[in-house]
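Working notes, structure below.
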Amino acid sequence: MSTNYEETIRDYICSRCMDFGEDGLCHSKDPEGCAIYRFLPQMIDIATRIQDLKIMPYAEAVREEICSYCRNRHPDGKCSVRESLSCALDRYLPLVVEALEYARNSNGKRKGVI
Ligand code: SF4
Ligand code: SF4
């Protein structure tokens with residue numbers, strides 16, 4: 001996986017994430033760790049494949065291709081982490097899609113994102 005994607009997520013999402021502490025560390029309340037990083041390859045694939053102006057197709061793909069494999073998901077399909085707004089991927093999905101599109105279009109060159 002290109003570090004360009006990881007660095008862009010850090011610049012674009014972590015910098016404005018409610019779980020990013022003043023100590024410069026992540027204090028995610030997700031017991032499995034931040035889902036954006038846990039599922040970054042899958043999310044890159046979804047963002048590359050879908051390319052839609054609406055967020056719903058991305059949200060549906062996340063449910064099917066990511067949540068189905070996430071250990072936080074209950075057998076009935078519910079997710080208490082999502083319901084408590086503790087899943088960063090769910091919380092920032094539009095920004096994640098935007099950041100991944102930026103990273104893809106920057107062709108590996110690092111520029112200021114914001
Ligand atoms: S929860 Fe995810 S997006 Fe938020 S600061 Fe931690 S690593 Fe970054
Ligand atoms: S919404 Fe829940 S099941 Fe889906 S990625 Fe986030 S924590 Fe995992």
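Following the order of the structure tokens, first chain is A, next is B, and so on, with residues numbered from 1 inside each chain and ligands from 1 in the order they appear.
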
Compute the set of protein, DNA and RNA residues whose minimum atom distance to ligand 1 is at most 7 Å, using only C-alpha atoms and all ligand atoms, and state it as a PyMOL selection string. chain A and resi 10+13-14+17-20+26-28+34-37+88

Show me, as a ChimeraX atom specification, the residues that have an atom within 9 Å of region 66-71 of chain A when counting only C-alpha atoms, minus same-chain residues fewer than 3 positions from it. /A:32,35,39,42-43,61-63,74,77,79

Find the residues around Ile46 (chain A) up to 10 Å (only C-alpha atoms counted), leave out those fewer than 2 positions away in its own chain, and share them as a PyMOL selection string. chain A and resi 40-44+48-51+57-59+61-62+65-66+97+100

For the selection you just gave me, I'd like the residues written to a file as a PDB file, in the first residue's frame, keeping N, CA and C atoms.
ATOM      1  N   LEU A  40      -7.704   0.171   5.199  1.00  0.00           N
ATOM      2  CA  LEU A  40      -7.305   1.120   4.150  1.00  0.00           C
ATOM      3  C   LEU A  40      -7.215   0.471   2.765  1.00  0.00           C
ATOM      4  N   PRO A  41      -6.625  -0.722   2.606  1.00  0.00           N
ATOM      5  CA  PRO A  41      -6.582  -1.317   1.251  1.00  0.00           C
ATOM      6  C   PRO A  41      -7.976  -1.523   0.659  1.00  0.00           C
ATOM      7  N   GLN A  42      -8.917  -1.995   1.491  1.00  0.00           N
ATOM      8  CA  GLN A  42     -10.285  -2.198   1.008  1.00  0.00           C
ATOM      9  C   GLN A  42     -10.936  -0.863   0.657  1.00  0.00           C
ATOM     10  N   MET A  43     -10.643   0.149   1.478  1.00  0.00           N
ATOM     11  CA  MET A  43     -11.249   1.463   1.236  1.00  0.00           C
ATOM     12  C   MET A  43     -10.667   2.106  -0.029  1.00  0.00           C
ATOM     13  N   ILE A  44      -9.387   1.899  -0.271  1.00  0.00           N
ATOM     14  CA  ILE A  44      -8.771   2.401  -1.510  1.00  0.00           C
ATOM     15  C   ILE A  44      -9.445   1.737  -2.711  1.00  0.00           C
ATOM     16  N   THR A  48     -11.594   3.771  -5.505  1.00  0.00           N
ATOM     17  CA  THR A  48     -11.101   3.740  -6.884  1.00  0.00           C
ATOM     18  C   THR A  48     -12.183   3.206  -7.823  1.00  0.00           C
ATOM     19  N   ARG A  49     -12.912   2.229  -7.341  1.00  0.00           N
ATOM     20  CA  ARG A  49     -13.895   1.553  -8.184  1.00  0.00           C
ATOM     21  C   ARG A  49     -15.174   2.366  -8.357  1.00  0.00           C
ATOM     22  N   ILE A  50     -15.642   3.003  -7.306  1.00  0.00           N
ATOM     23  CA  ILE A  50     -16.982   3.604  -7.357  1.00  0.00           C
ATOM     24  C   ILE A  50     -16.979   4.986  -8.017  1.00  0.00           C
ATOM     25  N   GLN A  51     -16.230   5.913  -7.537  1.00  0.00           N
ATOM     26  CA  GLN A  51     -16.154   7.263  -8.108  1.00  0.00           C
ATOM     27  C   GLN A  51     -17.524   7.846  -8.428  1.00  0.00           C
ATOM     28  N   PRO A  57     -23.458   5.121  -2.380  1.00  0.00           N
ATOM     29  CA  PRO A  57     -22.803   3.926  -2.921  1.00  0.00           C
ATOM     30  C   PRO A  57     -21.551   3.527  -2.134  1.00  0.00           C
ATOM     31  N   TYR A  58     -20.830   4.510  -1.632  1.00  0.00           N
ATOM     32  CA  TYR A  58     -19.642   4.209  -0.817  1.00  0.00           C
ATOM     33  C   TYR A  58     -20.065   3.595   0.513  1.00  0.00           C
ATOM     34  N   ALA A  59     -21.110   4.177   1.127  1.00  0.00           N
ATOM     35  CA  ALA A  59     -21.574   3.673   2.431  1.00  0.00           C
ATOM     36  C   ALA A  59     -22.052   2.227   2.300  1.00  0.00           C
ATOM     37  N   ALA A  61     -21.062   0.027   0.050  1.00  0.00           N
ATOM     38  CA  ALA A  61     -19.890  -0.832  -0.172  1.00  0.00           C
ATOM     39  C   ALA A  61     -19.137  -1.063   1.137  1.00  0.00           C
ATOM     40  N   VAL A  62     -19.068  -0.045   1.976  1.00  0.00           N
ATOM     41  CA  VAL A  62     -18.397  -0.199   3.275  1.00  0.00           C
ATOM     42  C   VAL A  62     -19.131  -1.242   4.115  1.00  0.00           C
ATOM     43  N   GLU A  65     -18.440  -4.728   2.252  1.00  0.00           N
ATOM     44  CA  GLU A  65     -17.072  -5.210   2.034  1.00  0.00           C
ATOM     45  C   GLU A  65     -16.140  -4.976   3.218  1.00  0.00           C
ATOM     46  N   ILE A  66     -16.544  -4.121   4.142  1.00  0.00           N
ATOM     47  CA  ILE A  66     -15.683  -3.838   5.303  1.00  0.00           C
ATOM     48  C   ILE A  66     -16.377  -4.269   6.598  1.00  0.00           C
ATOM     49  N   VAL A  97     -13.229   9.454   1.478  1.00  0.00           N
ATOM     50  CA  VAL A  97     -13.347   9.303   0.019  1.00  0.00           C
ATOM     51  C   VAL A  97     -12.613  10.452  -0.677  1.00  0.00           C
ATOM     52  N   LEU A 100      -8.793  10.027  -0.331  1.00  0.00           N
ATOM     53  CA  LEU A 100      -8.243   8.952  -1.171  1.00  0.00           C
ATOM     54  C   LEU A 100      -8.234   9.373  -2.636  1.00  0.00           C
TER      55      LEU A 100
END

Using only C-alpha atoms: which of A:Val81, A:Ala47, A:Leu25, A:Cys87 has the shortest distance to Asn105 (chain A):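 Of A:Val81, A:Ala47, A:Leu25, A:Cys87, the one nearest Asn105 (chain A) is A:Ala47, counting only C-alpha atoms.
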
For each of A:Asp76, A:Asp30, A:Glu7, A:Glu101, take the minimum atom-to-atom distance to ligand 2, counting only C-alpha atoms and all ligand atoms, then give the residue where this is smallest. A:Asp30

One decimal, in Å: what's the spacing between CA of Leu89 (chain A) and atom 6 (Fe, counted along the ligand's line) of ligand 2?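 Separation between CA of Leu89 (chain A) and atom 6 (Fe, counted along the ligand's line) of ligand 2: 5.9 Å.
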
For CA of Pro75 (chain A) and atom 6 (Fe, counted along the ligand's line) of ligand 2, determine how far apart the two atoms are, in Å to one decimal place. 14.0 Å

Identify, with DSSP run on backbone atoms, the residues in chain A assigned to alpha helix (DSSP H), and express the list as a CSV table (one decimal) with N, CA and C atoms, in the first residue's frame.
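Saved to out_34.csv:
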chain,number,residue,atom,x,y,z
A,3,THR,N,2.5,4.7,0.8
A,3,THR,CA,2.4,5.5,2.0
A,3,THR,C,1.8,6.8,1.7
A,4,ASN,N,1.7,7.2,0.4
A,4,ASN,CA,1.0,8.4,0.0
A,4,ASN,C,-0.4,8.4,0.6
A,5,TYR,N,-1.1,7.3,0.5
A,5,TYR,CA,-2.5,7.2,1.0
A,5,TYR,C,-2.4,7.4,2.5
A,6,GLU,N,-1.5,6.7,3.2
A,6,GLU,CA,-1.5,6.8,4.7
A,6,GLU,C,-1.2,8.2,5.1
A,7,GLU,N,-0.2,8.9,4.4
A,7,GLU,CA,0.1,10.2,4.8
A,7,GLU,C,-1.0,11.2,4.5
A,8,THR,N,-1.7,11.0,3.4
A,8,THR,CA,-2.8,11.9,3.1
A,8,THR,C,-3.9,11.7,4.1
A,9,ILE,N,-4.2,10.5,4.5
A,9,ILE,CA,-5.2,10.3,5.6
A,9,ILE,C,-4.8,11.0,6.8
A,10,ARG,N,-3.5,10.9,7.2
A,10,ARG,CA,-3.1,11.6,8.4
A,10,ARG,C,-3.3,13.1,8.3
A,11,ASP,N,-2.9,13.6,7.2
A,11,ASP,CA,-3.0,15.1,7.0
A,11,ASP,C,-4.4,15.5,6.9
A,12,TYR,N,-5.2,14.8,6.2
A,12,TYR,CA,-6.6,15.2,5.9
A,12,TYR,C,-7.6,14.8,6.9
A,35,ALA,N,-10.7,2.2,12.2
A,35,ALA,CA,-11.1,1.4,11.0
A,35,ALA,C,-10.6,2.0,9.7
A,36,ILE,N,-10.3,3.3,9.7
A,36,ILE,CA,-9.7,3.8,8.4
A,36,ILE,C,-8.4,3.2,8.1
A,37,TYR,N,-7.6,3.0,9.1
A,37,TYR,CA,-6.3,2.4,8.8
A,37,TYR,C,-6.4,0.8,8.8
A,38,ARG,N,-7.3,0.3,9.6
A,38,ARG,CA,-7.4,-1.2,9.6
A,38,ARG,C,-7.9,-1.7,8.2
A,40,LEU,N,-7.7,0.2,5.2
A,40,LEU,CA,-7.3,1.1,4.1
A,40,LEU,C,-7.2,0.5,2.8
A,41,PRO,N,-6.6,-0.7,2.6
A,41,PRO,CA,-6.6,-1.3,1.3
A,41,PRO,C,-8.0,-1.5,0.7
A,42,GLN,N,-8.9,-2.0,1.5
A,42,GLN,CA,-10.3,-2.2,1.0
A,42,GLN,C,-10.9,-0.9,0.7
A,43,MET,N,-10.6,0.1,1.5
A,43,MET,CA,-11.2,1.5,1.2
A,43,MET,C,-10.7,2.1,0.0
A,44,ILE,N,-9.4,1.9,-0.3
A,44,ILE,CA,-8.8,2.4,-1.5
A,44,ILE,C,-9.4,1.7,-2.7
A,45,ASP,N,-9.7,0.4,-2.6
A,45,ASP,CA,-10.3,-0.3,-3.7
A,45,ASP,C,-11.7,0.2,-3.9
A,46,ILE,N,-12.5,0.5,-2.9
A,46,ILE,CA,-13.9,1.0,-3.0
A,46,ILE,C,-13.9,2.4,-3.6
A,47,ALA,N,-13.0,3.2,-3.2
A,47,ALA,CA,-12.9,4.6,-3.7
A,47,ALA,C,-12.5,4.7,-5.1
A,48,THR,N,-11.6,3.8,-5.5
A,48,THR,CA,-11.1,3.7,-6.9
A,48,THR,C,-12.2,3.2,-7.8
A,49,ARG,N,-12.9,2.2,-7.3
A,49,ARG,CA,-13.9,1.6,-8.2
A,49,ARG,C,-15.2,2.4,-8.4
A,50,ILE,N,-15.6,3.0,-7.3
A,50,ILE,CA,-17.0,3.6,-7.4
A,50,ILE,C,-17.0,5.0,-8.0
A,56,MET,N,-23.8,7.6,-0.8
A,56,MET,CA,-24.5,6.3,-0.5
A,56,MET,C,-23.9,5.1,-1.1
A,57,PRO,N,-23.5,5.1,-2.4
A,57,PRO,CA,-22.8,3.9,-2.9
A,57,PRO,C,-21.6,3.5,-2.1
A,58,TYR,N,-20.8,4.5,-1.6
A,58,TYR,CA,-19.6,4.2,-0.8
A,58,TYR,C,-20.1,3.6,0.5
A,59,ALA,N,-21.1,4.2,1.1
A,59,ALA,CA,-21.6,3.7,2.4
A,59,ALA,C,-22.1,2.2,2.3
A,60,GLU,N,-22.8,1.9,1.2
A,60,GLU,CA,-23.2,0.6,1.0
A,60,GLU,C,-22.1,-0.4,0.8
A,61,ALA,N,-21.1,0.0,0.1
A,61,ALA,CA,-19.9,-0.8,-0.2
A,61,ALA,C,-19.1,-1.1,1.1
A,62,VAL,N,-19.1,0.0,2.0
A,62,VAL,CA,-18.4,-0.2,3.3
A,62,VAL,C,-19.1,-1.2,4.1
A,63,ARG,N,-20.4,-1.2,4.1
A,63,ARG,CA,-21.2,-2.1,4.9
A,63,ARG,C,-21.0,-3.6,4.4
A,64,GLU,N,-21.0,-3.7,3.1
A,64,GLU,CA,-20.8,-5.1,2.5
A,64,GLU,C,-19.4,-5.6,2.6
A,65,GLU,N,-18.4,-4.7,2.3
A,65,GLU,CA,-17.1,-5.2,2.0
A,65,GLU,C,-16.1,-5.0,3.2
A,80,SER,N,-22.2,-1.5,17.7
A,80,SER,CA,-22.3,-0.5,18.8
A,80,SER,C,-21.3,0.5,18.7
A,81,VAL,N,-20.2,0.2,18.0
A,81,VAL,CA,-19.1,1.2,17.8
A,81,VAL,C,-19.6,2.3,16.9
A,82,ARG,N,-20.2,1.9,15.8
A,82,ARG,CA,-20.8,2.9,14.9
A,82,ARG,C,-21.9,3.7,15.6
A,83,GLU,N,-22.8,3.0,16.4
A,83,GLU,CA,-23.9,3.7,17.0
A,83,GLU,C,-23.4,4.7,18.0
A,88,ALA,N,-14.3,5.8,13.3
A,88,ALA,CA,-13.8,7.0,12.5
A,88,ALA,C,-14.1,6.8,11.0
A,89,LEU,N,-14.1,5.6,10.5
A,89,LEU,CA,-14.4,5.4,9.1
A,89,LEU,C,-15.9,5.8,8.8
A,90,ASP,N,-16.8,5.4,9.7
A,90,ASP,CA,-18.2,5.8,9.5
A,90,ASP,C,-18.4,7.3,9.6
A,91,ARG,N,-17.7,7.8,10.6
A,91,ARG,CA,-17.9,9.2,11.0
A,91,ARG,C,-17.4,10.1,9.9
A,93,LEU,N,-16.6,9.2,6.6
A,93,LEU,CA,-16.6,8.6,5.3
A,93,LEU,C,-16.5,9.6,4.1
A,94,PRO,N,-17.2,10.7,4.0
A,94,PRO,CA,-17.1,11.6,2.9
A,94,PRO,C,-15.7,12.2,2.8
A,95,LEU,N,-15.1,12.5,4.0
A,95,LEU,CA,-13.7,13.0,4.0
A,95,LEU,C,-12.7,12.0,3.5
A,96,VAL,N,-12.9,10.7,3.9
A,96,VAL,CA,-12.0,9.6,3.6
A,96,VAL,C,-12.0,9.5,2.1
A,97,VAL,N,-13.2,9.5,1.5
A,97,VAL,CA,-13.3,9.3,0.0
A,97,VAL,C,-12.6,10.5,-0.7
A,98,GLU,N,-12.8,11.7,-0.2
A,98,GLU,CA,-12.2,12.8,-0.8
A,98,GLU,C,-10.7,12.7,-0.7
A,99,ALA,N,-10.2,12.3,0.5
A,99,ALA,CA,-8.7,12.2,0.7
A,99,ALA,C,-8.1,11.2,-0.2
A,100,LEU,N,-8.8,10.0,-0.3
A,100,LEU,CA,-8.2,9.0,-1.2
A,100,LEU,C,-8.2,9.4,-2.6
A,101,GLU,N,-9.3,10.1,-3.0
A,101,GLU,CA,-9.3,10.6,-4.4
A,101,GLU,C,-8.1,11.6,-4.6
A,102,TYR,N,-7.9,12.4,-3.6
A,102,TYR,CA,-6.8,13.4,-3.7
A,102,TYR,C,-5.5,12.6,-3.9
A,103,ALA,N,-5.3,11.6,-3.0
A,103,ALA,CA,-4.0,10.9,-3.0
A,103,ALA,C,-3.8,10.2,-4.3
A,104,ARG,N,-4.9,9.6,-4.9
A,104,ARG,CA,-4.8,8.9,-6.2
A,104,ARG,C,-4.4,9.9,-7.3
A,105,ASN,N,-5.0,11.1,-7.3
A,105,ASN,CA,-4.8,12.1,-8.3
A,105,ASN,C,-3.5,12.8,-8.2

Could you tell me which of A:Glu22, A:Gly33, A:Ser106, A:Arg16 comes closest to ligand 2 if we count only C-alpha atoms and all ligand atoms?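 Nearest to ligand 2: A:Gly33.
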
Calculate how many Å separate atom 2 (Fe, counted along the ligand's line) of ligand 2 from CA of Gly24 (chain A), rounding to one decimal.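 CA of Gly24 (chain A) lies at a distance of 24.5 Å from atom 2 (Fe, counted along the ligand's line) of ligand 2.
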